[in-house]
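Printed here is start16.txt (compact mmCIF, C-alpha atoms):
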# COMPACT_ATOMS: atom_id res chain seq x y z
CA MET G 824 -3.26 1.50 52.33
CA PRO G 825 -2.43 -1.66 50.41
CA GLU G 826 -5.48 -3.81 50.02
CA GLU G 827 -3.67 -7.07 49.45
CA ASP G 828 -5.39 -8.79 52.34
CA ARG G 829 -8.86 -7.88 51.21
CA ARG G 830 -11.15 -10.77 50.51
CA PRO G 831 -14.03 -10.64 48.05
CA ASP G 832 -16.68 -11.04 50.74
CA GLU G 833 -15.19 -8.12 52.66
CA ASP G 834 -17.96 -5.62 51.96
CA ALA G 835 -20.70 -7.96 53.07
CA ARG G 836 -18.77 -8.81 56.22
CA GLU G 837 -18.15 -5.15 57.00
CA GLU G 838 -21.83 -4.42 56.59
CA ALA G 839 -22.81 -7.32 58.81
CA ARG G 840 -20.34 -6.35 61.53
CA LEU G 841 -21.57 -2.76 61.50
CA ASN G 842 -25.17 -3.90 61.70
CA ASP G 843 -24.43 -6.17 64.62
CA SER G 844 -23.31 -3.25 66.74
CA VAL G 845 -26.64 -1.43 66.49
CA ALA G 846 -28.08 -3.33 69.45
CA TRP G 847 -25.66 -1.43 71.69
CA ASN G 848 -26.77 1.89 70.25
CA ALA G 849 -30.42 0.92 70.65
CA ALA G 850 -29.80 0.40 74.36
CA SER G 851 -28.19 3.87 74.52
CA TYR G 852 -31.26 5.49 73.00
CA LEU G 853 -33.57 3.65 75.38
CA ILE G 854 -31.57 4.87 78.37
CA SER G 855 -31.64 8.42 77.00
CA GLY G 856 -35.39 8.27 76.49
CA ILE G 857 -36.37 6.85 79.84
CA VAL G 858 -33.71 8.26 82.15
CA GLY G 859 -33.16 11.55 80.30
CA PHE G 860 -36.79 12.54 79.93
CA GLY G 861 -37.52 11.17 83.40
CA LEU G 862 -34.86 13.49 84.84
CA LEU G 863 -36.27 16.37 82.82
CA GLY G 864 -39.70 15.62 84.26
CA LEU G 865 -38.25 15.44 87.75
CA LEU G 866 -36.60 18.82 87.27
CA LEU G 867 -39.87 20.35 86.09
CA ASP G 868 -41.60 18.71 89.06
CA ARG G 869 -39.21 20.44 91.42
CA LEU G 870 -39.67 23.78 89.66
CA LEU G 871 -43.46 23.67 89.36
CA ASP G 872 -44.23 21.84 92.63
CA THR G 873 -46.06 19.04 90.87
CA SER G 874 -45.51 15.31 91.18
CA PHE G 875 -46.70 13.69 87.95
CA LEU G 876 -44.23 15.07 85.38
CA ALA G 877 -41.43 12.61 86.24
CA VAL G 878 -43.70 9.67 85.46
CA VAL G 879 -45.02 11.38 82.33
CA GLY G 880 -41.48 12.15 81.18
CA SER G 881 -40.27 8.64 81.88
CA LEU G 882 -43.14 6.90 80.11
CA GLY G 883 -43.24 9.44 77.28
CA GLY G 884 -39.48 9.09 76.85
CA MET G 885 -39.89 5.33 76.73
CA ALA G 886 -42.51 5.59 74.00
CA LEU G 887 -40.39 8.10 72.07
CA SER G 888 -37.23 6.04 72.31
CA ILE G 889 -38.95 2.83 71.22
CA TYR G 890 -40.43 4.70 68.26
CA TYR G 891 -37.01 6.17 67.48
CA VAL G 892 -35.23 2.81 67.66
CA TRP G 893 -37.85 1.46 65.27
CA PHE G 894 -37.32 4.49 63.03
CA ARG G 895 -33.52 4.20 63.01
CA TYR G 896 -32.98 0.47 62.90
CA GLY G 897 -36.31 -1.17 62.23
CA SER G 898 -37.69 0.53 59.16
CA ARG G 899 -34.66 0.34 56.92
CA ASN G 900 -36.08 -2.22 54.51
CA MET L 319 -29.72 -9.67 112.45
CA SER L 320 -28.68 -7.82 109.39
CA LEU L 321 -28.12 -9.54 106.08
CA SER L 322 -24.37 -9.21 106.22
CA THR L 323 -23.63 -10.87 109.53
CA LEU L 324 -24.17 -14.57 109.09
CA ALA L 325 -23.86 -16.01 112.57
CA THR L 326 -22.55 -19.54 112.58
CA ALA L 327 -20.89 -21.10 115.60
CA GLY L 328 -19.10 -19.77 118.63
CA GLY L 329 -20.19 -16.16 118.21
CA GLU L 330 -17.95 -15.67 115.14
CA THR L 331 -19.73 -13.37 112.73
CA PHE L 332 -19.06 -13.05 109.03
CA GLU L 333 -18.33 -9.60 107.68
CA ALA L 334 -19.44 -9.50 104.05
CA PRO L 335 -17.07 -7.65 101.70
CA SER L 336 -18.26 -4.14 100.95
CA PRO L 337 -17.37 -1.50 98.35
CA ALA L 338 -15.08 0.03 100.99
CA ASP L 339 -12.78 -2.98 100.56
CA PHE L 340 -11.84 -1.65 97.13
CA TRP L 341 -10.29 1.47 98.61
CA GLN L 342 -6.71 0.39 99.26
CA PRO L 343 -4.29 3.27 99.73
CA LEU L 344 -0.65 2.19 99.86
CA ILE L 345 1.03 5.50 100.71
CA GLY L 346 -0.78 8.42 102.28
CA ASP L 347 -4.50 8.87 102.61
CA GLY L 348 -7.29 11.03 101.26
CA ALA L 349 -7.50 12.48 97.78
CA PHE L 350 -3.77 12.33 97.03
CA ALA L 351 -3.03 8.85 98.29
CA LEU L 352 -1.07 6.44 96.15
CA THR L 353 -3.51 3.55 95.82
CA ARG L 354 -3.18 -0.06 94.72
CA PRO L 355 -5.01 0.40 91.39
CA MET L 356 -2.66 3.27 90.52
CA VAL L 357 0.34 1.01 91.01
CA LEU L 358 -1.39 -1.71 89.00
CA MET L 359 -2.10 0.69 86.15
CA ALA L 360 1.58 1.63 86.02
CA LEU L 361 2.52 -2.05 86.23
CA SER L 362 0.21 -2.88 83.32
CA PHE L 363 1.88 -0.18 81.25
CA VAL L 364 5.30 -1.67 81.99
CA ILE L 365 4.10 -5.19 81.19
CA ILE L 366 2.48 -4.21 77.89
CA ALA L 367 5.45 -2.15 76.78
CA ALA L 368 7.91 -4.90 77.71
CA VAL L 369 5.94 -7.66 75.99
CA LEU L 370 5.30 -5.68 72.82
CA LEU L 371 8.90 -4.46 72.55
CA ALA L 372 10.36 -7.89 73.26
CA THR L 373 8.18 -9.72 70.77
CA THR L 374 8.56 -7.21 67.95
CA LYS L 375 12.29 -6.54 68.21
CA ARG L 376 13.40 -8.98 65.53
CA LEU L 377 10.44 -9.04 63.20
CA SER L 378 10.24 -11.45 60.33
CA VAL L 379 7.63 -11.57 57.58
CA VAL L 380 6.85 -15.16 58.40
CA PRO L 381 6.51 -15.26 62.20
CA ALA L 382 9.62 -17.03 63.44
CA ASN L 383 8.42 -17.85 66.92
CA LYS L 384 5.17 -18.38 68.72
CA LYS L 385 5.39 -15.14 70.67
CA GLN L 386 5.50 -12.99 67.59
CA PHE L 387 2.64 -15.01 66.14
CA ALA L 388 0.52 -14.48 69.26
CA VAL L 389 1.10 -10.72 69.34
CA GLU L 390 0.39 -10.49 65.63
CA ALA L 391 -2.85 -12.42 66.11
CA LEU L 392 -3.91 -9.98 68.84
CA TYR L 393 -3.01 -6.99 66.72
CA GLY L 394 -4.68 -8.47 63.66
CA PHE L 395 -7.83 -9.07 65.66
CA VAL L 396 -8.09 -5.40 66.65
CA ARG L 397 -6.94 -4.11 63.27
CA ASN L 398 -9.07 -6.29 61.02
CA GLY L 399 -11.79 -7.63 63.27
CA VAL L 400 -12.69 -4.35 64.91
CA ALA L 401 -11.16 -1.30 63.20
CA ARG L 402 -11.46 -2.28 59.53
CA ASP L 403 -14.81 -4.00 59.79
CA ILE L 404 -16.47 -1.18 61.71
CA ILE L 405 -14.75 2.03 60.61
CA GLY L 406 -14.37 0.88 57.01
CA SER L 407 -11.31 0.08 54.93
CA LYS L 408 -10.73 3.67 53.77
CA GLU L 409 -9.71 5.49 56.93
CA PHE L 410 -9.44 2.94 59.69
CA LEU L 411 -5.62 2.93 59.85
CA ARG L 412 -5.42 6.25 61.72
CA TYR L 413 -7.45 4.85 64.60
CA VAL L 414 -5.82 1.44 64.94
CA PRO L 415 -3.12 2.64 67.41
CA LEU L 416 -5.74 4.11 69.73
CA LEU L 417 -7.97 1.06 69.53
CA PHE L 418 -5.07 -1.34 70.08
CA THR L 419 -3.82 0.68 73.05
CA LEU L 420 -7.27 0.76 74.62
CA PHE L 421 -7.76 -2.96 74.03
CA THR L 422 -4.45 -4.12 75.49
CA LEU L 423 -4.62 -1.70 78.41
CA ILE L 424 -8.15 -2.71 79.41
CA LEU L 425 -7.47 -6.39 78.79
CA VAL L 426 -4.35 -6.53 80.97
CA ASN L 427 -5.95 -4.45 83.71
CA ASN L 428 -9.06 -6.64 83.70
CA LEU L 429 -7.02 -9.83 83.77
CA PHE L 430 -5.31 -8.54 86.90
CA GLY L 431 -8.58 -9.45 88.61
CA VAL L 432 -7.89 -13.18 88.46
CA ILE L 433 -4.08 -13.39 88.19
CA PRO L 434 -3.12 -14.78 91.63
CA PRO L 435 -0.51 -12.44 93.12
CA ILE L 436 -2.39 -9.32 92.00
CA GLN L 437 -6.11 -10.14 92.12
CA TYR L 438 -7.46 -6.65 91.82
CA PRO L 439 -9.18 -5.46 88.64
CA THR L 440 -8.03 -1.87 88.17
CA MET L 441 -11.26 -0.96 86.41
CA SER L 442 -13.28 -1.66 89.55
CA ARG L 443 -12.39 1.88 90.64
CA ILE L 444 -14.64 4.04 88.49
CA GLY L 445 -12.01 6.74 87.95
CA PHE L 446 -10.10 4.57 85.50
CA PRO L 447 -13.01 3.78 83.14
CA ILE L 448 -14.04 7.45 83.32
CA ALA L 449 -10.58 8.57 82.22
CA LEU L 450 -10.57 6.14 79.29
CA THR L 451 -14.10 7.15 78.35
CA LEU L 452 -13.20 10.84 78.41
CA VAL L 453 -10.54 10.18 75.76
CA VAL L 454 -13.10 8.41 73.57
CA PHE L 455 -15.78 11.04 74.26
CA VAL L 456 -13.58 13.98 73.27
CA LEU L 457 -12.22 12.06 70.28
CA TYR L 458 -15.49 11.17 68.58
CA HIS L 459 -16.91 14.66 69.02
CA LEU L 460 -13.70 16.23 67.67
CA ILE L 461 -13.65 13.90 64.67
CA GLY L 462 -17.25 14.75 63.89
CA MET L 463 -16.70 18.51 64.26
CA LYS L 464 -13.54 18.40 62.17
CA ARG L 465 -15.30 16.45 59.45
CA LYS L 466 -18.55 18.41 59.29
CA GLY L 467 -17.83 21.73 61.03
CA VAL L 468 -19.29 22.57 64.43
CA GLY L 469 -22.67 23.67 63.07
CA GLY L 470 -22.80 20.86 60.57
CA TYR L 471 -22.00 18.34 63.27
CA PHE L 472 -24.88 19.44 65.46
CA LYS L 473 -27.12 19.49 62.42
CA SER L 474 -26.02 15.98 61.46
CA LEU L 475 -27.21 14.56 64.79
CA MET L 476 -30.74 14.80 63.43
CA PRO L 477 -31.65 12.17 60.83
CA ALA L 478 -33.91 13.10 57.93
CA GLY L 479 -37.45 11.82 57.75
CA VAL L 480 -38.64 12.33 61.34
CA PRO L 481 -42.18 13.78 61.47
CA VAL L 482 -42.02 17.56 62.00
CA PHE L 483 -43.88 17.62 65.32
CA LEU L 484 -41.38 15.12 66.78
CA VAL L 485 -38.25 16.99 65.69
CA PRO L 486 -37.63 18.93 68.95
CA VAL L 487 -38.02 15.95 71.27
CA VAL L 488 -36.02 13.65 69.00
CA TYR L 489 -33.26 16.24 68.87
CA LEU L 490 -33.28 16.38 72.65
CA LEU L 491 -33.07 12.60 72.69
CA GLU L 492 -30.11 12.63 70.31
CA LEU L 493 -28.30 15.31 72.30
CA PHE L 494 -28.79 13.39 75.51
CA THR L 495 -27.60 10.18 73.85
CA TYR L 496 -24.47 11.73 72.38
CA PHE L 497 -23.43 13.79 75.38
CA VAL L 498 -24.66 11.83 78.37
CA SER L 499 -25.78 8.26 77.89
CA ARG L 500 -23.06 7.12 75.47
CA PRO L 501 -20.09 8.04 77.69
CA LEU L 502 -22.04 7.09 80.79
CA THR L 503 -22.88 3.58 79.57
CA LEU L 504 -19.37 3.08 78.19
CA ALA L 505 -17.74 3.86 81.53
CA VAL L 506 -20.32 2.30 83.78
CA ARG L 507 -20.54 -0.95 81.82
CA LEU L 508 -16.82 -1.60 82.22
CA PHE L 509 -16.76 -0.48 85.84
CA ALA L 510 -19.87 -2.39 86.90
CA ASN L 511 -18.81 -5.64 85.29
CA MET L 512 -15.39 -5.58 86.91
CA PHE L 513 -16.68 -4.40 90.29
CA ALA L 514 -19.60 -6.82 90.54
CA GLY L 515 -17.60 -9.77 89.25
CA HIS L 516 -14.78 -9.21 91.71
CA MET L 517 -17.26 -8.69 94.54
CA LEU L 518 -18.97 -11.98 93.70
CA ILE L 519 -15.69 -13.89 93.79
CA LEU L 520 -14.78 -12.19 97.08
CA VAL L 521 -18.10 -13.18 98.65
CA LEU L 522 -17.77 -16.78 97.49
CA PHE L 523 -14.19 -17.25 98.69
CA LEU L 524 -14.46 -15.29 101.95
CA GLY L 525 -17.83 -16.85 102.75
CA GLY L 526 -16.49 -20.29 101.89
CA GLU L 527 -13.50 -19.78 104.15
CA HIS L 528 -15.74 -18.67 107.00
CA LEU L 529 -18.09 -21.63 106.60
CA LEU L 530 -15.14 -24.01 106.42
CA LEU L 531 -13.35 -22.68 109.51
CA HIS L 532 -16.20 -21.62 111.75
CA GLY L 533 -19.17 -23.68 110.55
CA GLU L 534 -20.90 -26.42 112.51
CA GLY L 535 -22.40 -29.69 111.30
CA LEU L 536 -22.84 -29.71 107.55
CA LEU L 537 -21.73 -26.09 107.04
CA PRO L 538 -18.07 -26.94 106.16
CA ALA L 539 -19.45 -28.98 103.25
CA ALA L 540 -21.31 -25.86 102.12
CA GLY L 541 -17.97 -24.05 102.37
CA VAL L 542 -16.42 -26.55 99.97
CA VAL L 543 -19.30 -26.01 97.55
CA SER L 544 -18.79 -22.26 97.89
CA TYR L 545 -15.10 -22.67 97.03
CA LEU L 546 -15.89 -24.80 93.98
CA PHE L 547 -18.49 -22.33 92.80
CA GLY L 548 -15.98 -19.52 93.33
CA LEU L 549 -13.53 -21.37 91.11
CA VAL L 550 -16.18 -21.76 88.39
CA MET L 551 -17.06 -18.08 88.68
CA SER L 552 -13.36 -17.18 88.36
CA PHE L 553 -13.25 -18.82 84.95
CA PHE L 554 -16.53 -17.15 84.03
CA GLU L 555 -15.00 -13.87 85.16
CA LEU L 556 -12.04 -14.51 82.85
CA LEU L 557 -14.48 -14.69 79.94
CA ILE L 558 -16.24 -11.49 81.06
CA GLN L 559 -12.93 -9.65 81.37
CA VAL L 560 -11.89 -10.42 77.80
CA LEU L 561 -15.39 -9.68 76.56
CA GLN L 562 -15.57 -6.29 78.27
CA ALA L 563 -12.24 -5.22 76.78
CA TYR L 564 -13.57 -6.24 73.36
CA ILE L 565 -16.90 -4.46 73.85
CA PHE L 566 -15.22 -1.23 74.95
CA VAL L 567 -13.09 -1.18 71.81
CA LEU L 568 -16.00 -2.24 69.61
CA LEU L 569 -18.17 0.60 70.87
CA THR L 570 -15.31 3.10 70.50
CA ALA L 571 -14.95 2.02 66.88
CA THR L 572 -18.71 2.34 66.35
CA TYR L 573 -18.75 5.86 67.72
CA ILE L 574 -15.79 6.88 65.55
CA ALA L 575 -17.49 5.33 62.52
CA GLY L 576 -20.68 7.22 63.33
CA SER L 577 -18.78 10.52 63.49
CA LEU L 578 -17.05 9.82 60.19
CA ALA L 579 -20.19 8.78 58.31
CA ASP L 580 -21.56 11.33 55.87
CA GLU L 581 -25.21 11.00 56.60
CA HIS L 582 -26.25 10.25 60.09
CA MET B 797 -24.31 -4.11 104.25
CA GLY B 798 -27.19 -1.69 104.03
CA GLY B 799 -29.68 -1.82 101.24
CA SER B 800 -33.28 -1.41 100.34
CA LEU B 801 -36.09 -3.55 99.09
CA ASN B 802 -36.12 -1.44 95.91
CA VAL B 803 -32.87 -3.05 94.84
CA ILE B 804 -34.20 -6.57 95.45
CA GLY B 805 -37.33 -5.58 93.54
CA TYR B 806 -35.25 -4.40 90.63
CA GLY B 807 -33.25 -7.61 90.70
CA LEU B 808 -36.48 -9.58 90.43
CA ALA B 809 -37.85 -7.24 87.77
CA ALA B 810 -34.73 -7.67 85.64
CA ILE B 811 -35.27 -11.43 85.34
CA GLY B 812 -38.18 -11.01 82.90
CA PRO B 813 -36.45 -8.71 80.39
CA ALA B 814 -33.27 -10.82 80.67
CA ILE B 815 -35.14 -13.93 79.60
CA ALA B 816 -36.97 -11.95 76.93
CA VAL B 817 -33.77 -10.56 75.41
CA GLY B 818 -32.25 -14.02 75.49
CA LEU B 819 -35.24 -15.49 73.69
CA VAL B 820 -35.27 -12.73 71.06
CA PHE B 821 -31.64 -13.21 70.12
CA ALA B 822 -31.85 -17.00 70.38
CA ALA B 823 -34.63 -16.94 67.81
CA TYR B 824 -32.70 -14.46 65.67
CA ILE B 825 -29.53 -16.55 65.67
CA ASN B 826 -31.58 -19.64 64.94
CA GLY B 827 -33.24 -17.97 61.98
CA VAL B 828 -30.01 -16.60 60.54
CA ALA B 829 -28.25 -19.95 61.00
CA ARG B 830 -30.98 -21.71 59.05
CA GLN B 831 -31.27 -19.09 56.34
CA PRO B 832 -28.29 -16.70 56.23
CA GLU B 833 -29.93 -14.62 53.50
CA SER B 834 -32.81 -13.73 55.81
CA ARG B 835 -30.51 -11.67 58.06
CA GLY B 836 -31.54 -8.36 56.54
CA MET B 837 -35.19 -9.11 57.12
CA LEU B 838 -34.82 -10.58 60.61
CA GLN B 839 -32.48 -8.00 62.08
CA PRO B 840 -34.90 -5.04 62.32
CA ILE B 841 -37.47 -7.31 63.92
CA ALA B 842 -34.91 -8.64 66.39
CA ILE B 843 -33.74 -5.14 67.29
CA LEU B 844 -37.32 -4.00 67.78
CA GLY B 845 -38.07 -6.97 70.05
CA PHE B 846 -34.87 -6.29 71.94
CA ALA B 847 -35.81 -2.61 72.35
CA LEU B 848 -39.27 -3.43 73.70
CA ALA B 849 -37.90 -5.89 76.26
CA GLU B 850 -34.94 -3.72 77.22
CA ALA B 851 -37.18 -0.70 77.73
CA LEU B 852 -38.95 -2.58 80.53
CA ALA B 853 -35.63 -3.35 82.21
CA ILE B 854 -34.53 0.29 82.07
CA LEU B 855 -37.96 1.43 83.28
CA GLY B 856 -37.57 -0.91 86.24
CA PHE B 857 -34.14 0.60 86.87
CA VAL B 858 -35.64 4.09 87.01
CA LEU B 859 -38.52 2.99 89.21
CA ALA B 860 -36.07 1.35 91.63
CA PHE B 861 -34.62 4.78 92.35
CA ILE B 862 -37.96 6.45 93.00
CA ASN B 863 -38.32 6.90 96.74
CA PRO B 864 -41.95 7.11 97.78
CA GLY B 865 -40.93 9.15 100.82
CA VAL B 866 -41.79 6.46 103.33
CA GLU B 867 -38.91 5.84 105.69
Go through the file and emit its structure as structure tokens.
Amino acid sequence: MPEEDRRPDEDAREEARLNDSVAWNAASYLISGIVGFGLLGLLLDRLLDTSFLAVVGSLGGMALSIYYVWFRYGSRN
Amino acid sequence: MSLSTLATAGGETFEAPSPADFWQPLIGDGAFALTRPMVLMALSFVIIAAVLLATTKRLSVVPANKKQFAVEALYGFVRNGVARDIIGSKEFLRYVPLLFTLFTLILVNNLFGVIPPIQYPTMSRIGFPIALTLVVFVLYHLIGMKRKGVGGYFKSLMPAGVPVFLVPVVYLLELFTYFVSRPLTLAVRLFANMFAGHMLILVLFLGGEHLLLHGEGLLPAAGVVSYLFGLVMSFFELLIQVLQAYIFVLLTATYIAGSLADEH
Amino acid sequence: MGGSLNVIGYGLAAIGPAIAVGLVFAAYINGVARQPESRGMLQPIAILGFALAEALAILGFVLAFINPGVE
């Protein structure tokens, strides 16, 4: 495409805009960790007739997702 | 006394609005009824098509009238502010039509929530956000699989540098994020904002009316306050409606950009 | 209007993380406004703070759905 409307600070702005959207993705990972692993624990609870795996999955998923958000977005520099 | 029935004077009880109030079939009933949001969705399509066709019929390089300028500003916002900044200047042009369509469609349908004769946000029925999300969901997976191959796409979900003993759980986390929580949050965020906002306005106006007409003593004054607060919340809702349309498009662009990126 | 105390509990529990997320991004915006070049350094910290606060909100959301079996 023609790049006539491209300003010199374009790259920096692009980078900044892309970085600003990571907060939304971080929230997605947190939901996956807590809800996803919590559901997995609940499923195992139903299968094995136990009652602690949902809590373990939920808390473990929370720890994992916080670590992963730090790994993806926090440790870049 | 339950929470919903607020007894005031003369035995008149107040029925709080409930989610059932959003089910408004016009013709027929059951699964195949023609409902109000369906009509509104069709109406929004007609409005958008009419406005865009009318304002772009006689195009000039320098916008000749205010209408063309306004539509160009809207288009430029999606094209430059969202698509180019997020997807990158190399291949964003292919996705601008989709993003612009999504943005205008969601924006007009959300604005229906406060426009007086209509006053029903289409997206407060969850089927509509789900349909839009399905398009986005299929699209970003297809783009990724086309770009990297099916195997390569699933391999690319996993970033390098995760400790070996965490790889299985992190992969599970990534799979769940890509296939469940991303589409889920995209649809539910739009639905919940529209639904809750409209419900809040309904409660304030219906409650205010009830206090005004059936209240005793100082209660009509509270009804006036409720009306004023409802008015304030309507303007707040206007802001939310524009913002949610923007966020939906922004996240769509982010997902497309993520599927196009070489390394994860 | 039916409902359960769980939902009210979650509403109360969401206040804390909401304030926390607000404070995190207020501080981040403040920092970037004062020193725009510090954005790269501040952003990971802001995202991490956001993640820690948001995790509590989502945990509360999950806990609100857990039915202890007492009717």
For atom CA of Thr873 of chain G and atom CA of Leu853 of chain G, quote the distance in Å rounded to one decimal. 25.2 Å
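Distance criterion 8 Å to chain G, applied with all atoms listed in the file, yields Gly836, Met837, Gln839, Pro840, Ile841, Ile843, Leu844, Phe846, Ala847, Leu848, Glu850, Ala851, Ile854, Leu855 and Val858 of chain B on chain B.
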L:Gly445, L:Gly479, L:Phe472, L:Val379: which is nearest Leu460 of chain L, counting only C-alpha atoms?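 With only C-alpha atoms as the atom set, the closest residue is L:Phe472.
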Please find the residues of chain L near chain G - the criterion being any atom within 10 Å, counting all atoms listed in the file - and write them as a PyMOL selection string. chain L and resi 398-400+402-411+477+479-480+484+487-488+490-504+565+568-569+571-573+575+582
For atom CA of Lys473 of chain L and atom CA of Arg507 of chain L, quote the distance in Å rounded to one decimal.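 The value is 28.9 Å.
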For atom CA of Val364 of chain L and atom CA of Thr419 of chain L, quote the distance in Å rounded to one decimal.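 Distance between the two atoms: 13.0 Å.
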